[in-house]
Amino acid sequence: MHSYRLNSSGKISGFTLIELMVVIIVIGIVGGIVFGGAGYIFEKQAINQAGSEIEVLKVALEEYKREHGNYPETFDFQDEQSSFILLHSLYGTHELIDGAWERLDPADYLKSLIPAEGLSFQPLEGEEDGKFNLNEIDHYLTDPWGEPYIYQFERKDGNFGFLLYSKGPDQKSTPFDEVSDGIPEKRPEDKDNIPASEPGNW
């Protein structure tokens with residue numbers, strides 16, 4: 001077992017206190033660079049993943065419209081609930097029946113338009129037992145930061161088509177729930193949204 005003591009020359013086991021402090025500072029700087037660089041790489045990967053997933057969902061939504069005449073309707077549902085509609089309508093387990101999204105019997109499932117194994121989702125009611133079972137438990141789609149993808153049809157901001165985006169790394173965005181006059185201002189919390197044109201259709 002080593003014992004380190006300050007001797008009369010001001011050294012600890014061959015190092016002066018200043019030299020030891022310099023070594024500690026250098027290690028801290030190098031560690032910060034390594035971890036900072038790794039964080040940047042992971043964030044870029046997450047941004048690219050979100051962009052790719054949104055493109056997959058857009059293609060699936062267009063296919064849904066071709067088969068059913070329109071995009072899945074969200075009515076007044078938001079956040080997790082609207083993301084649930086996005087997931088299960090495209091996966092084929094639910095159908096709009098008399099103004100409500102109802103789970104179908106397995107024999108009546110519609111054609112799945114998305115590769116569910118390549119997407120992330122969470123149980124809508126937090127039922128951990130069925131966490132990965134889309135055929136029994138209602139789920140909602142999540143982006144790489146664990147937030148629900150924002151989906152809305154019809155759009156409440158007066159723009160055409162559907163609204164679909166991720167809030168991005170900061171997990172914040174402006175809700176566009178009303179028709180705005182002119183071109184809306186892009187706020188700081190929207191600068192990292194994916195795609196960058198939403199939710200204001202800038």
# chains A, B, ... in the order shown; residues from 1 in each chain; ligands from 1

call {"tool": "select_by_dssp", "arguments": {"residues": "segment 111-161 of chain A", "states": "helix (DSSP H, G or I)", "output": "list in words"}}
result
Ala116, Glu117, Gly118, Glu128, Asp129 and Gly130 of chain A

call {"tool": "residues_around", "arguments": {"residues": "Glu53 of chain A", "least_positions_apart": "5", "cutoff": "9 Å", "atoms": "only C-alpha atoms", "output": "PDB file with N, CA and C atoms, in the first residue's frame"}}
result
ATOM      1  N   ASN A  48     -29.804  12.795 -37.337  1.00  0.00           N
ATOM      2  CA  ASN A  48     -29.936  12.072 -38.605  1.00  0.00           C
ATOM      3  C   ASN A  48     -30.994  10.985 -38.505  1.00  0.00           C
ATOM      4  N   LYS A  58     -43.448   9.969 -43.456  1.00  0.00           N
ATOM      5  CA  LYS A  58     -44.093  10.752 -44.520  1.00  0.00           C
ATOM      6  C   LYS A  58     -44.517   9.864 -45.682  1.00  0.00           C
ATOM      7  N   GLY A 118     -38.010  -0.982 -36.654  1.00  0.00           N
ATOM      8  CA  GLY A 118     -36.977   0.037 -36.818  1.00  0.00           C
ATOM      9  C   GLY A 118     -37.311   1.356 -36.138  1.00  0.00           C
ATOM     10  N   LEU A 119     -38.437   1.410 -35.428  1.00  0.00           N
ATOM     11  CA  LEU A 119     -38.874   2.643 -34.775  1.00  0.00           C
ATOM     12  C   LEU A 119     -38.920   2.461 -33.259  1.00  0.00           C
ATOM     13  N   ASP A 143     -39.243   9.971 -30.653  1.00  0.00           N
ATOM     14  CA  ASP A 143     -38.046  10.348 -31.400  1.00  0.00           C
ATOM     15  C   ASP A 143     -36.810   9.879 -30.624  1.00  0.00           C
TER      16      ASP A 143
END

call {"tool": "residues_around", "arguments": {"residues": "Pro72 of chain A", "least_positions_apart": "3", "cutoff": "7 Å", "atoms": "only C-alpha atoms", "output": "JSON, numbers by chain"}}
result
{"A": [86, 89, 153]}

call {"tool": "write_last_selection", "arguments": {"atoms": "C-alpha atoms", "output": "compact mmCIF listing (two decimals), in the first residue's frame"}}
result
# COMPACT_ATOMS: atom_id res chain seq x y z
CA LEU A 86 -49.81 8.08 -36.07
CA SER A 89 -53.05 3.81 -37.95
CA PHE A 153 -54.14 16.35 -39.22

call {"tool": "closest_residue", "arguments": {"among": "A:Asn159, A:Pro184, A:Asp192, A:Tyr64", "to": "Lys172 of chain A", "atoms": "only C-alpha atoms"}}
result
A:Asp192

call {"tool": "closest_residue", "arguments": {"among": "A:Gly146, A:Lys191, A:Glu43, A:Glu117", "to": "Phe132 of chain A", "atoms": "only C-alpha atoms"}}
result
A:Glu117

call {"tool": "closest_residue", "arguments": {"among": "A:Tyr109, A:Gln81, A:Glu95, A:Pro169", "to": "Gly39 of chain A", "atoms": "only C-alpha atoms"}}
result
A:Pro169

call {"tool": "closest_residue", "arguments": {"among": "A:Leu96, A:Ile54, A:Ile137, A:Val26", "to": "Phe75 of chain A", "atoms": "only C-alpha atoms"}}
result
A:Leu96

call {"tool": "closest_residue", "arguments": {"among": "A:Arg155, A:His88, A:Arg66, A:Lys167", "to": "Trp101 of chain A", "atoms": "only C-alpha atoms"}}
result
A:His88

call {"tool": "residues_around", "arguments": {"residues": "Asp79 of chain A", "least_positions_apart": "4", "cutoff": "10 Å", "atoms": "only C-alpha atoms", "output": "tab-separated table (two decimals) with N, CA and C atoms, in the first residue's frame"}}
result
chain	number	residue	atom	x	y	z
A	83	SER	N	-49.53	10.97	-31.37
A	83	SER	CA	-48.46	10.08	-31.81
A	83	SER	C	-48.92	8.63	-31.79
A	84	PHE	N	-49.82	8.30	-30.87
A	84	PHE	CA	-50.46	6.97	-30.84
A	84	PHE	C	-51.26	6.75	-32.12
A	140	TYR	N	-47.16	4.88	-28.39
A	140	TYR	CA	-46.97	6.09	-29.19
A	140	TYR	C	-45.52	6.13	-29.67
A	141	LEU	N	-45.32	6.71	-30.85
A	141	LEU	CA	-43.99	6.79	-31.45
A	141	LEU	C	-43.14	7.83	-30.72
A	147	GLU	N	-39.12	11.74	-26.84
A	147	GLU	CA	-40.33	12.57	-26.92
A	147	GLU	C	-41.25	12.06	-28.03
A	148	PRO	N	-42.57	12.22	-27.87
A	148	PRO	CA	-43.46	11.79	-28.95
A	148	PRO	C	-43.25	12.63	-30.21
A	149	TYR	N	-43.29	11.97	-31.36
A	149	TYR	CA	-43.31	12.74	-32.60
A	149	TYR	C	-44.61	13.54	-32.63
A	150	ILE	N	-44.52	14.80	-33.03
A	150	ILE	CA	-45.70	15.65	-33.09
A	150	ILE	C	-46.37	15.43	-34.44
A	151	TYR	N	-47.61	14.98	-34.39
A	151	TYR	CA	-48.38	14.73	-35.60
A	151	TYR	C	-49.75	15.38	-35.47
A	152	GLN	N	-50.21	16.02	-36.56
A	152	GLN	CA	-51.52	16.68	-36.52
A	152	GLN	C	-52.13	16.70	-37.92

call {"tool": "closest_residue", "arguments": {"among": "A:Ile41, A:Leu57, A:Leu134, A:Ala196", "to": "His94 of chain A", "atoms": "only C-alpha atoms"}}
result
A:Leu134

call {"tool": "residues_around", "arguments": {"residues": "Gly126 of chain A", "least_positions_apart": "4", "cutoff": "10 Å", "atoms": "only C-alpha atoms", "output": "ChimeraX atom specification"}}
result
/A:122,130-131,137-139

call {"tool": "select_by_dssp", "arguments": {"residues": "segment 48-124 of chain A", "states": "strand (DSSP E or B)", "output": "NGL selection string"}}
result
:A and (94-97 or 100-103 or 120-123)

call {"tool": "decode", "arguments": {"residues": "segment 56-131 of chain A", "atoms": "C-alpha atoms", "output": "PDB file, in the first residue's frame"}}
result
ATOM      1  CA  VAL A  56     -40.235   6.980 -43.528  1.00  0.00           C
ATOM      2  CA  LEU A  57     -43.367   8.224 -41.765  1.00  0.00           C
ATOM      3  CA  LYS A  58     -44.093  10.752 -44.520  1.00  0.00           C
ATOM      4  CA  VAL A  59     -43.958   8.028 -47.179  1.00  0.00           C
ATOM      5  CA  ALA A  60     -46.236   5.828 -45.044  1.00  0.00           C
ATOM      6  CA  LEU A  61     -48.712   8.691 -44.547  1.00  0.00           C
ATOM      7  CA  GLU A  62     -48.914   9.257 -48.304  1.00  0.00           C
ATOM      8  CA  GLU A  63     -49.517   5.541 -48.821  1.00  0.00           C
ATOM      9  CA  TYR A  64     -52.220   5.635 -46.131  1.00  0.00           C
ATOM     10  CA  LYS A  65     -53.889   8.521 -47.937  1.00  0.00           C
ATOM     11  CA  ARG A  66     -53.828   6.600 -51.246  1.00  0.00           C
ATOM     12  CA  GLU A  67     -55.493   3.604 -49.623  1.00  0.00           C
ATOM     13  CA  HIS A  68     -57.984   5.374 -47.337  1.00  0.00           C
ATOM     14  CA  GLY A  69     -58.637   8.690 -49.058  1.00  0.00           C
ATOM     15  CA  ASN A  70     -57.035  10.919 -46.417  1.00  0.00           C
ATOM     16  CA  TYR A  71     -54.414  11.068 -43.679  1.00  0.00           C
ATOM     17  CA  PRO A  72     -55.169   9.676 -40.181  1.00  0.00           C
ATOM     18  CA  GLU A  73     -57.205  12.265 -38.285  1.00  0.00           C
ATOM     19  CA  THR A  74     -56.077  13.457 -34.853  1.00  0.00           C
ATOM     20  CA  PHE A  75     -59.085  15.672 -34.006  1.00  0.00           C
ATOM     21  CA  ASP A  76     -58.177  17.471 -30.736  1.00  0.00           C
ATOM     22  CA  PHE A  77     -55.621  14.900 -29.589  1.00  0.00           C
ATOM     23  CA  GLN A  78     -52.071  16.111 -28.943  1.00  0.00           C
ATOM     24  CA  ASP A  79     -48.611  14.852 -28.000  1.00  0.00           C
ATOM     25  CA  GLU A  80     -48.676  11.164 -26.914  1.00  0.00           C
ATOM     26  CA  GLN A  81     -52.280  10.663 -28.059  1.00  0.00           C
ATOM     27  CA  SER A  82     -51.719  12.040 -31.550  1.00  0.00           C
ATOM     28  CA  SER A  83     -48.459  10.082 -31.814  1.00  0.00           C
ATOM     29  CA  PHE A  84     -50.458   6.973 -30.841  1.00  0.00           C
ATOM     30  CA  ILE A  85     -52.802   7.638 -33.767  1.00  0.00           C
ATOM     31  CA  LEU A  86     -49.813   8.079 -36.069  1.00  0.00           C
ATOM     32  CA  LEU A  87     -48.267   4.768 -34.992  1.00  0.00           C
ATOM     33  CA  HIS A  88     -51.304   2.510 -34.846  1.00  0.00           C
ATOM     34  CA  SER A  89     -53.047   3.815 -37.949  1.00  0.00           C
ATOM     35  CA  LEU A  90     -49.906   3.184 -40.002  1.00  0.00           C
ATOM     36  CA  TYR A  91     -49.212  -0.136 -38.278  1.00  0.00           C
ATOM     37  CA  GLY A  92     -52.737  -1.295 -39.078  1.00  0.00           C
ATOM     38  CA  THR A  93     -54.011  -2.294 -35.632  1.00  0.00           C
ATOM     39  CA  HIS A  94     -56.522   0.575 -35.331  1.00  0.00           C
ATOM     40  CA  GLU A  95     -59.162   2.080 -37.564  1.00  0.00           C
ATOM     41  CA  LEU A  96     -61.319   5.174 -37.372  1.00  0.00           C
ATOM     42  CA  ILE A  97     -64.816   3.886 -36.537  1.00  0.00           C
ATOM     43  CA  ASP A  98     -67.681   6.301 -35.856  1.00  0.00           C
ATOM     44  CA  GLY A  99     -65.287   9.138 -35.075  1.00  0.00           C
ATOM     45  CA  ALA A 100     -63.015   7.177 -32.707  1.00  0.00           C
ATOM     46  CA  TRP A 101     -59.817   5.185 -33.169  1.00  0.00           C
ATOM     47  CA  GLU A 102     -60.674   1.599 -32.260  1.00  0.00           C
ATOM     48  CA  ARG A 103     -58.414  -1.447 -31.970  1.00  0.00           C
ATOM     49  CA  LEU A 104     -59.319  -4.091 -34.534  1.00  0.00           C
ATOM     50  CA  ASP A 105     -59.499  -7.845 -34.043  1.00  0.00           C
ATOM     51  CA  PRO A 106     -56.203  -9.401 -35.187  1.00  0.00           C
ATOM     52  CA  ALA A 107     -57.952 -11.065 -38.134  1.00  0.00           C
ATOM     53  CA  ASP A 108     -59.087  -7.619 -39.340  1.00  0.00           C
ATOM     54  CA  TYR A 109     -55.761  -5.767 -39.067  1.00  0.00           C
ATOM     55  CA  LEU A 110     -55.019  -3.496 -41.980  1.00  0.00           C
ATOM     56  CA  LYS A 111     -51.818  -3.648 -44.002  1.00  0.00           C
ATOM     57  CA  SER A 112     -48.853  -2.329 -42.032  1.00  0.00           C
ATOM     58  CA  LEU A 113     -47.186   0.608 -43.784  1.00  0.00           C
ATOM     59  CA  ILE A 114     -44.219   1.032 -41.419  1.00  0.00           C
ATOM     60  CA  PRO A 115     -41.344  -1.193 -40.248  1.00  0.00           C
ATOM     61  CA  ALA A 116     -42.214  -1.115 -36.544  1.00  0.00           C
ATOM     62  CA  GLU A 117     -39.019  -2.956 -35.597  1.00  0.00           C
ATOM     63  CA  GLY A 118     -36.977   0.037 -36.818  1.00  0.00           C
ATOM     64  CA  LEU A 119     -38.874   2.643 -34.775  1.00  0.00           C
ATOM     65  CA  SER A 120     -39.028   3.512 -31.068  1.00  0.00           C
ATOM     66  CA  PHE A 121     -42.245   3.615 -29.067  1.00  0.00           C
ATOM     67  CA  GLN A 122     -43.585   3.668 -25.521  1.00  0.00           C
ATOM     68  CA  PRO A 123     -46.793   2.280 -23.954  1.00  0.00           C
ATOM     69  CA  LEU A 124     -49.506   4.926 -23.904  1.00  0.00           C
ATOM     70  CA  GLU A 125     -50.610   4.028 -20.382  1.00  0.00           C
ATOM     71  CA  GLY A 126     -47.193   3.014 -19.041  1.00  0.00           C
ATOM     72  CA  GLU A 127     -48.012  -0.716 -19.096  1.00  0.00           C
ATOM     73  CA  GLU A 128     -44.520  -2.196 -18.856  1.00  0.00           C
ATOM     74  CA  ASP A 129     -45.726  -5.796 -19.284  1.00  0.00           C
ATOM     75  CA  GLY A 130     -46.681  -5.102 -22.884  1.00  0.00           C
ATOM     76  CA  LYS A 131     -43.955  -2.586 -23.623  1.00  0.00           C
TER      77      LYS A 131
END
